[in-house]
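Shown below: query25.cif, with mmCIF, C-alpha atoms, pLDDT in the B column; chains and numbers go by the auth columns.
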data_upload
#
loop_
_atom_site.group_PDB
_atom_site.id
_atom_site.type_symbol
_atom_site.label_atom_id
_atom_site.label_comp_id
_atom_site.label_asym_id
_atom_site.label_seq_id
_atom_site.Cartn_x
_atom_site.Cartn_y
_atom_site.Cartn_z
_atom_site.B_iso_or_equiv
_atom_site.auth_seq_id
_atom_site.auth_asym_id
ATOM 1 C CA MET A 1 11.628 23.939 -24.660 59.00 1 A
ATOM 2 C CA ARG A 2 13.618 25.890 -27.220 64.00 2 A
ATOM 3 C CA GLU A 3 12.944 29.149 -25.351 63.00 3 A
ATOM 4 C CA SER A 4 14.112 27.607 -22.063 66.00 4 A
ATOM 5 C CA GLY A 5 17.273 26.350 -23.747 68.00 5 A
ATOM 6 C CA ALA A 6 18.046 29.808 -25.109 70.00 6 A
ATOM 7 C CA ARG A 7 17.563 31.396 -21.681 69.00 7 A
ATOM 8 C CA LEU A 8 19.773 28.787 -20.017 75.00 8 A
ATOM 9 C CA GLY A 9 22.397 29.216 -22.723 77.00 9 A
ATOM 10 C CA SER A 10 22.572 32.976 -22.220 78.00 10 A
ATOM 11 C CA LEU A 11 23.034 32.515 -18.462 77.00 11 A
ATOM 12 C CA LEU A 12 25.788 29.961 -18.992 83.00 12 A
ATOM 13 C CA ALA A 13 27.531 32.295 -21.442 82.00 13 A
ATOM 14 C CA LEU A 14 27.401 35.067 -18.850 81.00 14 A
ATOM 15 C CA LEU A 15 28.840 32.719 -16.214 82.00 15 A
ATOM 16 C CA VAL A 16 31.710 31.661 -18.497 83.00 16 A
ATOM 17 C CA ALA A 17 32.501 35.284 -19.395 86.00 17 A
ATOM 18 C CA TRP A 18 32.498 36.211 -15.697 80.00 18 A
ATOM 19 C CA GLN A 19 34.894 33.351 -14.868 81.00 19 A
ATOM 20 C CA LEU A 20 37.280 34.322 -17.661 86.00 20 A
ATOM 21 C CA LEU A 21 37.306 37.987 -16.652 87.00 21 A
ATOM 22 C CA ALA A 22 37.842 37.147 -12.984 81.00 22 A
ATOM 23 C CA ALA A 23 40.683 34.756 -13.858 82.00 23 A
ATOM 24 C CA ALA A 24 42.325 37.405 -16.026 83.00 24 A
ATOM 25 C CA ALA A 25 41.900 40.229 -13.490 78.00 25 A
ATOM 26 C CA GLN A 26 43.132 38.284 -10.431 78.00 26 A
ATOM 27 C CA SER A 27 41.651 40.984 -8.190 78.00 27 A
ATOM 28 C CA LEU A 28 39.548 41.037 -5.029 72.00 28 A
ATOM 29 C CA THR A 29 37.299 43.582 -6.734 80.00 29 A
ATOM 30 C CA LEU A 30 36.199 40.921 -9.248 84.00 30 A
ATOM 31 C CA PRO A 31 35.737 37.619 -7.394 88.00 31 A
ATOM 32 C CA THR A 32 35.191 34.333 -9.230 86.00 32 A
ATOM 33 C CA PRO A 33 31.753 32.671 -9.400 86.00 33 A
ATOM 34 C CA TRP A 34 33.013 30.020 -6.984 89.00 34 A
ATOM 35 C CA ALA A 35 34.003 32.628 -4.392 87.00 35 A
ATOM 36 C CA VAL A 36 30.577 34.227 -4.632 89.00 36 A
ATOM 37 C CA THR A 37 28.897 30.826 -4.369 90.00 37 A
ATOM 38 C CA GLN A 38 30.786 30.159 -1.138 92.00 38 A
ATOM 39 C CA VAL A 39 29.461 33.404 0.344 91.00 39 A
ATOM 40 C CA ILE A 40 25.903 32.505 -0.686 92.00 40 A
ATOM 41 C CA VAL A 41 26.209 29.079 0.964 93.00 41 A
ATOM 42 C CA GLN A 42 27.706 30.590 4.112 93.00 42 A
ATOM 43 C CA GLN A 43 24.983 33.225 4.390 92.00 43 A
ATOM 44 C CA ALA A 44 22.259 30.666 3.720 92.00 44 A
ATOM 45 C CA SER A 45 23.678 28.322 6.359 92.00 45 A
ATOM 46 C CA SER A 46 23.781 31.074 8.975 92.00 46 A
ATOM 47 C CA GLY A 47 20.200 32.105 8.176 89.00 47 A
ATOM 48 C CA ASP A 48 21.107 35.717 7.417 91.00 48 A
ATOM 49 C CA LEU A 49 20.364 35.305 3.706 91.00 49 A
ATOM 50 C CA TRP A 50 16.818 34.060 4.326 92.00 50 A
ATOM 51 C CA LEU A 51 16.152 36.747 6.936 92.00 51 A
ATOM 52 C CA ASN A 52 17.242 39.568 4.636 92.00 52 A
ATOM 53 C CA LEU A 53 15.546 38.119 1.548 91.00 53 A
ATOM 54 C CA SER A 54 12.217 37.686 3.362 92.00 54 A
ATOM 55 C CA ALA A 55 12.359 41.236 4.758 92.00 55 A
ATOM 56 C CA THR A 56 13.016 42.715 1.320 92.00 56 A
ATOM 57 C CA LEU A 57 10.375 40.567 -0.388 91.00 57 A
ATOM 58 C CA ALA A 58 7.770 41.608 2.173 93.00 58 A
ATOM 59 C CA ARG A 59 8.481 45.281 1.425 93.00 59 A
ATOM 60 C CA VAL A 60 8.446 44.639 -2.323 92.00 60 A
ATOM 61 C CA VAL A 61 5.076 42.870 -2.192 91.00 61 A
ATOM 62 C CA ALA A 62 3.478 45.534 0.037 94.00 62 A
ATOM 63 C CA SER A 63 4.793 48.460 -2.014 94.00 63 A
ATOM 64 C CA PHE A 64 3.952 46.821 -5.338 92.00 64 A
ATOM 65 C CA THR A 65 0.388 46.012 -4.267 93.00 65 A
ATOM 66 C CA ILE A 66 -0.318 49.529 -3.007 95.00 66 A
ATOM 67 C CA ALA A 67 1.221 51.185 -6.055 93.00 67 A
ATOM 68 C CA MET A 68 -0.677 49.001 -8.531 92.00 68 A
ATOM 69 C CA CYS A 69 -4.040 49.521 -6.819 94.00 69 A
ATOM 70 C CA VAL A 70 -3.679 53.303 -6.520 95.00 70 A
ATOM 71 C CA GLY A 71 -1.946 53.747 -9.887 94.00 71 A
ATOM 72 C CA VAL A 72 -4.457 51.690 -11.860 93.00 72 A
ATOM 73 C CA ALA A 73 -7.421 53.499 -10.304 93.00 73 A
ATOM 74 C CA LEU A 74 -5.925 56.946 -11.011 94.00 74 A
ATOM 75 C CA GLY A 75 -4.829 55.946 -14.516 93.00 75 A
ATOM 76 C CA MET A 76 -8.271 54.664 -15.479 91.00 76 A
ATOM 77 C CA TRP A 77 -9.867 57.805 -14.069 93.00 77 A
ATOM 78 C CA MET A 78 -7.501 60.118 -15.955 93.00 78 A
ATOM 79 C CA GLY A 79 -7.884 58.121 -19.154 90.00 79 A
ATOM 80 C CA ALA A 80 -11.660 58.251 -19.005 86.00 80 A
ATOM 81 C CA SER A 81 -12.050 61.927 -18.014 89.00 81 A
ATOM 82 C CA LYS A 82 -10.410 64.776 -19.913 89.00 82 A
ATOM 83 C CA THR A 83 -11.157 67.200 -17.085 92.00 83 A
ATOM 84 C CA THR A 84 -9.534 64.966 -14.498 92.00 84 A
ATOM 85 C CA ASN A 85 -6.533 64.477 -16.752 92.00 85 A
ATOM 86 C CA GLN A 86 -6.118 68.242 -17.234 92.00 86 A
ATOM 87 C CA TRP A 87 -6.094 68.798 -13.480 93.00 87 A
ATOM 88 C CA LEU A 88 -3.858 65.892 -12.516 93.00 88 A
ATOM 89 C CA ASP A 89 -1.431 65.791 -15.458 93.00 89 A
ATOM 90 C CA PRO A 90 0.836 68.603 -14.108 93.00 90 A
ATOM 91 C CA LEU A 91 1.030 66.819 -10.757 93.00 91 A
ATOM 92 C CA LEU A 92 1.822 63.562 -12.551 92.00 92 A
ATOM 93 C CA ILE A 93 4.681 65.172 -14.465 93.00 93 A
ATOM 94 C CA ILE A 94 6.108 66.561 -11.227 93.00 94 A
ATOM 95 C CA ALA A 95 5.826 63.149 -9.538 92.00 95 A
ATOM 96 C CA LEU A 96 7.608 61.474 -12.449 90.00 96 A
ATOM 97 C CA ASN A 97 10.532 63.859 -12.221 91.00 97 A
ATOM 98 C CA VAL A 98 11.056 64.104 -8.468 91.00 98 A
ATOM 99 C CA PRO A 99 14.152 61.980 -7.652 90.00 99 A
ATOM 100 C CA ALA A 100 13.405 58.763 -5.802 89.00 100 A
ATOM 101 C CA LEU A 101 16.019 59.665 -3.191 90.00 101 A
ATOM 102 C CA VAL A 102 14.156 62.862 -2.289 92.00 102 A
ATOM 103 C CA ILE A 103 10.914 60.969 -1.729 92.00 103 A
ATOM 104 C CA ILE A 104 12.695 58.372 0.420 92.00 104 A
ATOM 105 C CA ILE A 105 14.352 61.013 2.598 92.00 105 A
ATOM 106 C CA LEU A 106 11.113 62.975 3.047 93.00 106 A
ATOM 107 C CA ALA A 107 9.204 59.806 3.933 92.00 107 A
ATOM 108 C CA TYR A 108 11.733 59.002 6.656 91.00 108 A
ATOM 109 C CA VAL A 109 11.674 62.593 7.937 91.00 109 A
ATOM 110 C CA TRP A 110 7.876 62.839 8.010 92.00 110 A
ATOM 111 C CA LEU A 111 6.940 59.264 8.980 91.00 111 A
ATOM 112 C CA GLY A 112 9.986 58.152 10.942 87.00 112 A
ATOM 113 C CA LEU A 113 12.487 55.350 10.351 84.00 113 A
ATOM 114 C CA GLY A 114 9.883 52.586 10.279 87.00 114 A
ATOM 115 C CA GLU A 115 8.305 50.042 7.957 90.00 115 A
ATOM 116 C CA VAL A 116 5.422 52.362 7.063 92.00 116 A
ATOM 117 C CA ALA A 117 7.797 55.031 5.781 91.00 117 A
ATOM 118 C CA ALA A 118 9.793 52.457 3.800 91.00 118 A
ATOM 119 C CA VAL A 119 6.733 50.992 2.074 93.00 119 A
ATOM 120 C CA VAL A 120 5.151 54.395 1.418 94.00 120 A
ATOM 121 C CA ALA A 121 8.367 55.775 -0.077 93.00 121 A
ATOM 122 C CA VAL A 122 8.632 52.902 -2.548 93.00 122 A
ATOM 123 C CA ALA A 123 4.938 52.955 -3.453 94.00 123 A
ATOM 124 C CA VAL A 124 4.938 56.718 -4.071 94.00 124 A
ATOM 125 C CA ASN A 125 7.892 56.320 -6.421 92.00 125 A
ATOM 126 C CA LYS A 126 6.119 53.647 -8.457 90.00 126 A
ATOM 127 C CA ILE A 127 2.564 55.059 -8.607 94.00 127 A
ATOM 128 C CA PRO A 128 3.265 57.658 -11.347 93.00 128 A
ATOM 129 C CA VAL A 129 4.719 54.972 -13.643 91.00 129 A
ATOM 130 C CA VAL A 130 1.587 52.842 -13.240 92.00 130 A
ATOM 131 C CA VAL A 131 -0.666 55.854 -13.783 93.00 131 A
ATOM 132 C CA VAL A 132 0.994 56.720 -17.103 92.00 132 A
ATOM 133 C CA ALA A 133 0.756 53.175 -18.485 91.00 133 A
ATOM 134 C CA THR A 134 -2.837 52.711 -17.355 92.00 134 A
ATOM 135 C CA ARG A 135 -3.940 56.124 -18.630 93.00 135 A
ATOM 136 C CA GLU A 136 -2.561 55.410 -22.096 89.00 136 A
ATOM 137 C CA GLY A 137 -4.316 52.062 -22.087 86.00 137 A
ATOM 138 C CA ALA A 138 -7.615 53.655 -21.078 85.00 138 A
ATOM 139 C CA ARG A 139 -7.245 56.199 -23.877 86.00 139 A
ATOM 140 C CA ALA A 140 -6.682 53.406 -26.405 80.00 140 A
ATOM 141 C CA ILE A 141 -9.905 51.584 -25.553 78.00 141 A
ATOM 142 C CA ASP A 142 -11.934 50.787 -28.697 71.00 142 A
ATOM 143 C CA HIS A 143 -15.310 52.370 -27.986 71.00 143 A
ATOM 144 C CA ALA A 144 -16.865 50.530 -30.907 70.00 144 A
ATOM 145 C CA LEU A 145 -16.349 47.320 -28.965 68.00 145 A
ATOM 146 C CA MET A 146 -17.935 48.918 -25.927 67.00 146 A
ATOM 147 C CA GLN A 147 -20.982 49.692 -28.040 69.00 147 A
ATOM 148 C CA VAL A 148 -21.169 46.020 -29.012 71.00 148 A
ATOM 149 C CA GLY A 149 -21.782 45.295 -25.358 68.00 149 A
ATOM 150 C CA GLU A 150 -24.669 47.754 -25.376 69.00 150 A
ATOM 151 C CA VAL A 151 -26.132 46.144 -28.508 66.00 151 A
ATOM 152 C CA TYR A 152 -26.112 42.745 -26.814 69.00 152 A
ATOM 153 C CA ARG A 153 -27.462 44.333 -23.639 72.00 153 A
ATOM 154 C CA LEU A 154 -24.626 43.195 -21.441 72.00 154 A
ATOM 155 C CA SER A 155 -24.653 44.445 -17.893 73.00 155 A
ATOM 156 C CA ARG A 156 -22.168 47.142 -16.973 74.00 156 A
ATOM 157 C CA TRP A 157 -20.135 44.607 -14.973 76.00 157 A
ATOM 158 C CA ARG A 158 -19.941 42.085 -17.843 75.00 158 A
ATOM 159 C CA THR A 159 -19.058 44.828 -20.322 73.00 159 A
ATOM 160 C CA TRP A 160 -16.307 46.051 -18.052 71.00 160 A
ATOM 161 C CA ARG A 161 -15.005 42.543 -17.391 73.00 161 A
ATOM 162 C CA HIS A 162 -15.225 41.013 -20.875 72.00 162 A
ATOM 163 C CA ILE A 163 -14.691 44.017 -23.171 73.00 163 A
ATOM 164 C CA TYR A 164 -13.014 46.869 -21.300 75.00 164 A
ATOM 165 C CA LEU A 165 -10.477 45.041 -19.117 75.00 165 A
ATOM 166 C CA PRO A 166 -9.108 42.684 -21.822 76.00 166 A
ATOM 167 C CA GLN A 167 -8.112 45.735 -23.870 78.00 167 A
ATOM 168 C CA LEU A 168 -6.377 47.169 -20.808 82.00 168 A
ATOM 169 C CA TYR A 169 -4.505 44.011 -19.798 82.00 169 A
ATOM 170 C CA PRO A 170 -1.392 44.541 -21.985 82.00 170 A
ATOM 171 C CA HIS A 171 -0.883 47.990 -20.470 83.00 171 A
ATOM 172 C CA LEU A 172 -1.420 46.683 -16.932 85.00 172 A
ATOM 173 C CA LEU A 173 1.018 43.835 -17.490 82.00 173 A
ATOM 174 C CA SER A 174 3.603 46.250 -18.859 82.00 174 A
ATOM 175 C CA ALA A 175 3.134 48.514 -15.849 83.00 175 A
ATOM 176 C CA GLY A 176 3.379 45.545 -13.511 83.00 176 A
ATOM 177 C CA ARG A 177 6.516 44.069 -15.045 80.00 177 A
ATOM 178 C CA ASN A 178 8.351 47.387 -15.371 79.00 178 A
ATOM 179 C CA GLY A 179 7.124 48.537 -11.997 78.00 179 A
ATOM 180 C CA LEU A 180 8.265 45.364 -10.266 80.00 180 A
ATOM 181 C CA SER A 181 11.839 45.851 -11.446 79.00 181 A
ATOM 182 C CA LEU A 182 11.654 49.482 -10.312 84.00 182 A
ATOM 183 C CA VAL A 183 10.165 48.616 -6.921 87.00 183 A
ATOM 184 C CA TRP A 184 12.808 46.171 -5.808 83.00 184 A
ATOM 185 C CA LYS A 185 15.608 48.523 -6.854 85.00 185 A
ATOM 186 C CA ILE A 186 14.089 51.364 -4.830 90.00 186 A
ATOM 187 C CA VAL A 187 13.459 49.029 -1.889 91.00 187 A
ATOM 188 C CA LEU A 188 17.203 48.361 -1.726 89.00 188 A
ATOM 189 C CA VAL A 189 17.905 52.104 -1.510 90.00 189 A
ATOM 190 C CA VAL A 190 15.277 52.479 1.206 92.00 190 A
ATOM 191 C CA GLU A 191 16.869 49.649 3.197 90.00 191 A
ATOM 192 C CA LEU A 192 20.346 51.043 2.689 88.00 192 A
ATOM 193 C CA LEU A 193 19.321 54.433 4.096 87.00 193 A
ATOM 194 C CA GLY A 194 17.110 53.533 6.994 81.00 194 A
ATOM 195 C CA ARG A 195 16.410 49.872 7.759 82.00 195 A
ATOM 196 C CA SER A 196 18.234 47.313 9.884 83.00 196 A
ATOM 197 C CA SER A 197 17.332 44.307 7.739 85.00 197 A
ATOM 198 C CA GLY A 198 16.945 43.410 4.095 87.00 198 A
ATOM 199 C CA VAL A 199 19.154 42.975 1.068 90.00 199 A
ATOM 200 C CA GLY A 200 19.919 46.707 0.897 90.00 200 A
ATOM 201 C CA PHE A 201 21.069 46.675 4.523 91.00 201 A
ATOM 202 C CA ALA A 202 23.345 43.690 3.825 92.00 202 A
ATOM 203 C CA LEU A 203 24.763 45.360 0.714 91.00 203 A
ATOM 204 C CA ALA A 204 25.573 48.477 2.755 90.00 204 A
ATOM 205 C CA ASN A 205 27.505 46.387 5.286 91.00 205 A
ATOM 206 C CA TYR A 206 29.474 44.634 2.557 90.00 206 A
ATOM 207 C CA PHE A 207 30.197 47.970 0.909 90.00 207 A
ATOM 208 C CA HIS A 208 31.642 49.356 4.139 89.00 208 A
ATOM 209 C CA ASP A 209 33.978 46.336 4.256 86.00 209 A
ATOM 210 C CA PHE A 210 34.751 46.559 0.516 87.00 210 A
ATOM 211 C CA ASP A 211 33.597 42.939 0.244 89.00 211 A
ATOM 212 C CA VAL A 212 32.668 42.609 -3.434 90.00 212 A
ATOM 213 C CA ALA A 213 32.005 38.871 -3.141 90.00 213 A
ATOM 214 C CA GLY A 214 29.301 39.588 -0.554 91.00 214 A
ATOM 215 C CA ILE A 215 27.788 42.293 -2.745 92.00 215 A
ATOM 216 C CA PHE A 216 27.675 39.872 -5.695 92.00 216 A
ATOM 217 C CA ALA A 217 26.244 37.116 -3.502 92.00 217 A
ATOM 218 C CA TYR A 218 23.233 39.107 -2.322 92.00 218 A
ATOM 219 C CA THR A 219 22.698 40.620 -5.759 89.00 219 A
ATOM 220 C CA ILE A 220 22.613 37.192 -7.379 90.00 220 A
ATOM 221 C CA ALA A 221 20.423 35.712 -4.644 90.00 221 A
ATOM 222 C CA PHE A 222 17.756 38.382 -4.897 87.00 222 A
ATOM 223 C CA THR A 223 17.907 38.591 -8.699 85.00 223 A
ATOM 224 C CA SER A 224 17.376 34.824 -8.794 86.00 224 A
ATOM 225 C CA VAL A 225 14.273 35.201 -6.644 85.00 225 A
ATOM 226 C CA MET A 226 12.903 37.845 -9.003 80.00 226 A
ATOM 227 C CA LEU A 227 13.627 35.630 -12.033 79.00 227 A
ATOM 228 C CA VAL A 228 11.681 32.802 -10.402 82.00 228 A
ATOM 229 C CA PHE A 229 8.845 35.231 -9.648 77.00 229 A
ATOM 230 C CA GLU A 230 8.835 36.314 -13.285 75.00 230 A
ATOM 231 C CA ALA A 231 8.822 32.719 -14.577 75.00 231 A
ATOM 232 C CA LEU A 232 6.220 31.317 -12.170 79.00 232 A
ATOM 233 C CA LEU A 233 3.831 34.262 -11.894 74.00 233 A
ATOM 234 C CA MET A 234 4.264 37.061 -14.418 73.00 234 A
ATOM 235 C CA ARG A 235 4.642 34.980 -17.587 75.00 235 A
ATOM 236 C CA PRO A 236 1.778 32.532 -16.788 76.00 236 A
ATOM 237 C CA LEU A 237 -0.418 35.488 -15.830 73.00 237 A
ATOM 238 C CA GLU A 238 0.433 37.246 -19.090 72.00 238 A
ATOM 239 C CA ARG A 239 -0.446 34.158 -21.141 75.00 239 A
ATOM 240 C CA ARG A 240 -3.716 33.721 -19.287 74.00 240 A
ATOM 241 C CA LEU A 241 -4.866 37.327 -19.563 68.00 241 A
ATOM 242 C CA ASN A 242 -3.906 37.563 -23.240 68.00 242 A
ATOM 243 C CA ARG A 243 -5.383 34.229 -24.282 68.00 243 A
ATOM 244 C CA TRP A 244 -8.347 36.016 -25.869 59.00 244 A
ATOM 245 C CA ARG A 245 -6.004 37.447 -28.509 61.00 245 A
ATOM 246 C CA ALA A 246 -5.450 33.982 -29.936 57.00 246 A
#

Target format structure tokens, applied to this file:
Amino acid sequence: MRESGARLGSLLALLVAWQLLAAAAQSLTLPTPWAVTQVIVQQASSGDLWLNLSATLARVVASFTIAMCVGVALGMWMGASKTTNQWLDPLLIIALNVPALVIIILAYVWLGLGEVAAVVAVAVNKIPVVVVATREGARAIDHALMQVGEVYRLSRWRTWRHIYLPQLYPHLLSAGRNGLSLVWKIVLVVELLGRSSGVGFALANYFHDFDVAGIFAYTIAFTSVMLVFEALLMRPLERRLNRWRA
């Protein structure tokens, strides 16, 4: 309860500061919270808000799922095998440093201006981040605990599930949380450059019209969705997976 109160208090403080700054500026480039709320209501009533939010969320979920599956598998492999790590580490460093914009443009050039290219571009940008986090987690595995499983003659599956994975969970959760924030930001760039729907597409239209209230409206709407996702999925999942630490 206290934690929820602190979170609500910080949001209210931000809202008050925004209102005061907007009132002092008296400029179209810094609309008031009420003006932004009106845009949100108007867009929700017309259905455009829900259409764009659902399109972006679908791309976020698809990209996130692909990136986590591929990144976790590669990270565990590199963490467990020195030879594999030596071969793939240079490629990983290159992937981490290639600008996201370059990958997006190449994906559109090679795969066309379609959904496949959009999802692939986002997933490719996120995979290296997941690989790094998972590899470090795999390297930090306590092998003495793994030997305990051998002493008690646990099957390979039970050893992996009850001893190996719990030690990896904090690293996977970190990769998931950080990667999720990265994914939805890159999705907006992908939509801005080559899609005809989504939050990024809407933001591009508002930018062309210099409509800051519209930009704020879609930013707040999608950020609110991600905050709900964090509260209802990520935090409960984190508590569940880390309950063994208690």

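Of the listed residues (A:Val16, A:Leu57, A:Ile66, A:Ile94), A:Leu57 comes nearest to A:Val187; the distances count only C-alpha atoms.
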
Output as CSV one row per residue of stretch 118-182 of chain A within 12 Å of stretch 191-197 of chain A: the closest atom pair and its distance in Å to one decimal place, counting all atoms listed in the file, sorted by chain and residue number ascending.
residue,atom,partner,partner_atom,distance
A:Ala118,CA,A:Glu191,CA,7.6
A:Val119,CA,A:Glu191,CA,10.3
A:Ala121,CA,A:Glu191,CA,11.0
A:Val122,CA,A:Glu191,CA,10.6

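Closest approach to A:Val130 among A:Leu172, A:Met226, A:Ile215, A:Ala100 is made by A:Leu172 (distances from all atoms listed in the file).
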
Name all residues at most 8 Å from A:Arg177 (count all atoms listed in the file; drop same-chain ones fewer than 4 positions away) and give them as JSON, numbers by chain.
{"A": [173, 181, 234]}

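Atom CA of A:Val72 to atom CA of A:Gly137 spans 10.2 Å [interatomic distance, one decimal].
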
What is the distance, in Å and to one decimal place, between atom CA of A:Ala58 and atom CA of A:Leu113?
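So the two atoms, atom CA of A:Ala58 and atom CA of A:Leu113, lie 16.7 Å apart.
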
One decimal, in Å: what's the spacing between atom CA of A:Gly71 and atom CA of A:Pro170?
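These atoms are spaced 15.2 Å apart.
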
Please tell me which residues are no farther than 10 Å from (-2.7, 52.0, -14.2) in the file, counting all atoms listed in the file, and write them as a VMD selection string.
chain A and resid 67 to 79 127 to 138 168 to 169 171 to 176

Pick out the closest residue to A:Tyr218 from this set: A:Leu11, A:Val41, A:Ala25, A:Val183. Count only C-alpha atoms.
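Checking each candidate against A:Tyr218, we get A:Val41 as the closest.
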
Rank A:Arg139, A:His208, A:His162, A:Arg153 by their smallest atom-to-atom distance to A:Asn85, using only C-alpha atoms, and report the top residue only.
A:Arg139

Evaluated on this file, the PyMOL selection byres ((chain A and resi 164) around 10) picks out some residues - which ones are they, written as a PDB file with C-alpha atoms, keeping the file's coordinate frame?
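Output file expr34.pdb follows:
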ATOM      1  CA  ALA A 138      -7.615  53.655 -21.078  1.00 85.00           C
ATOM      2  CA  ILE A 141      -9.905  51.584 -25.553  1.00 78.00           C
ATOM      3  CA  ASP A 142     -11.934  50.787 -28.697  1.00 71.00           C
ATOM      4  CA  HIS A 143     -15.310  52.370 -27.986  1.00 71.00           C
ATOM      5  CA  LEU A 145     -16.349  47.320 -28.965  1.00 68.00           C
ATOM      6  CA  MET A 146     -17.935  48.918 -25.927  1.00 67.00           C
ATOM      7  CA  GLY A 149     -21.782  45.295 -25.358  1.00 68.00           C
ATOM      8  CA  TRP A 157     -20.135  44.607 -14.973  1.00 76.00           C
ATOM      9  CA  ARG A 158     -19.941  42.085 -17.843  1.00 75.00           C
ATOM     10  CA  THR A 159     -19.058  44.828 -20.322  1.00 73.00           C
ATOM     11  CA  TRP A 160     -16.307  46.051 -18.052  1.00 71.00           C
ATOM     12  CA  ARG A 161     -15.005  42.543 -17.391  1.00 73.00           C
ATOM     13  CA  HIS A 162     -15.225  41.013 -20.875  1.00 72.00           C
ATOM     14  CA  ILE A 163     -14.691  44.017 -23.171  1.00 73.00           C
ATOM     15  CA  LEU A 165     -10.477  45.041 -19.117  1.00 75.00           C
ATOM     16  CA  PRO A 166      -9.108  42.684 -21.822  1.00 76.00           C
ATOM     17  CA  GLN A 167      -8.112  45.735 -23.870  1.00 78.00           C
ATOM     18  CA  LEU A 168      -6.377  47.169 -20.808  1.00 82.00           C
ATOM     19  CA  TYR A 169      -4.505  44.011 -19.798  1.00 82.00           C
TER      20      TYR A 169
END

Do you know which residues the PyMOL selection byres ((chain A and resi 185) around 12) returns on this file, as a PyMOL selection string?
chain A and resi 56-57+59-60+63-64+100-101+122+125-126+178-184+186-192+199-200+219+222-223+226

Selected residue, from A:Arg239, A:Ala221, A:Phe229, A:Glu115, that lies nearest to A:Val39 when counting all atoms listed in the file:
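Once distances to A:Val39 are computed over all atoms listed in the file, the minimum belongs to A:Ala221.
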
Which protein, DNA or RNA residues are at most 12 Å from (37.3, 37.8, -6.5) in the file's coordinates when you count all atoms listed in the file, listed as a VMD selection string?
chain A and resid 18 to 39 210 to 217

Return the padded bounding box of stretch 52-61 of chain A as lines of an AutoDock Vina configuration file: axis-aligned, built from all atoms listed in the file, 5 Å added on each side, with centre and edge lengths in Å to one decimal.
center_x = 11.2
center_y = 41.5
center_z = 1.2
size_x = 22.2
size_y = 17.6
size_z = 17.1

From the options A:Ile103, A:Ala17, A:Ile93, A:Leu12, which residue's atoms come nearest to A:Ala117, counting only C-alpha atoms?
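Nearest to A:Ala117: A:Ile103.
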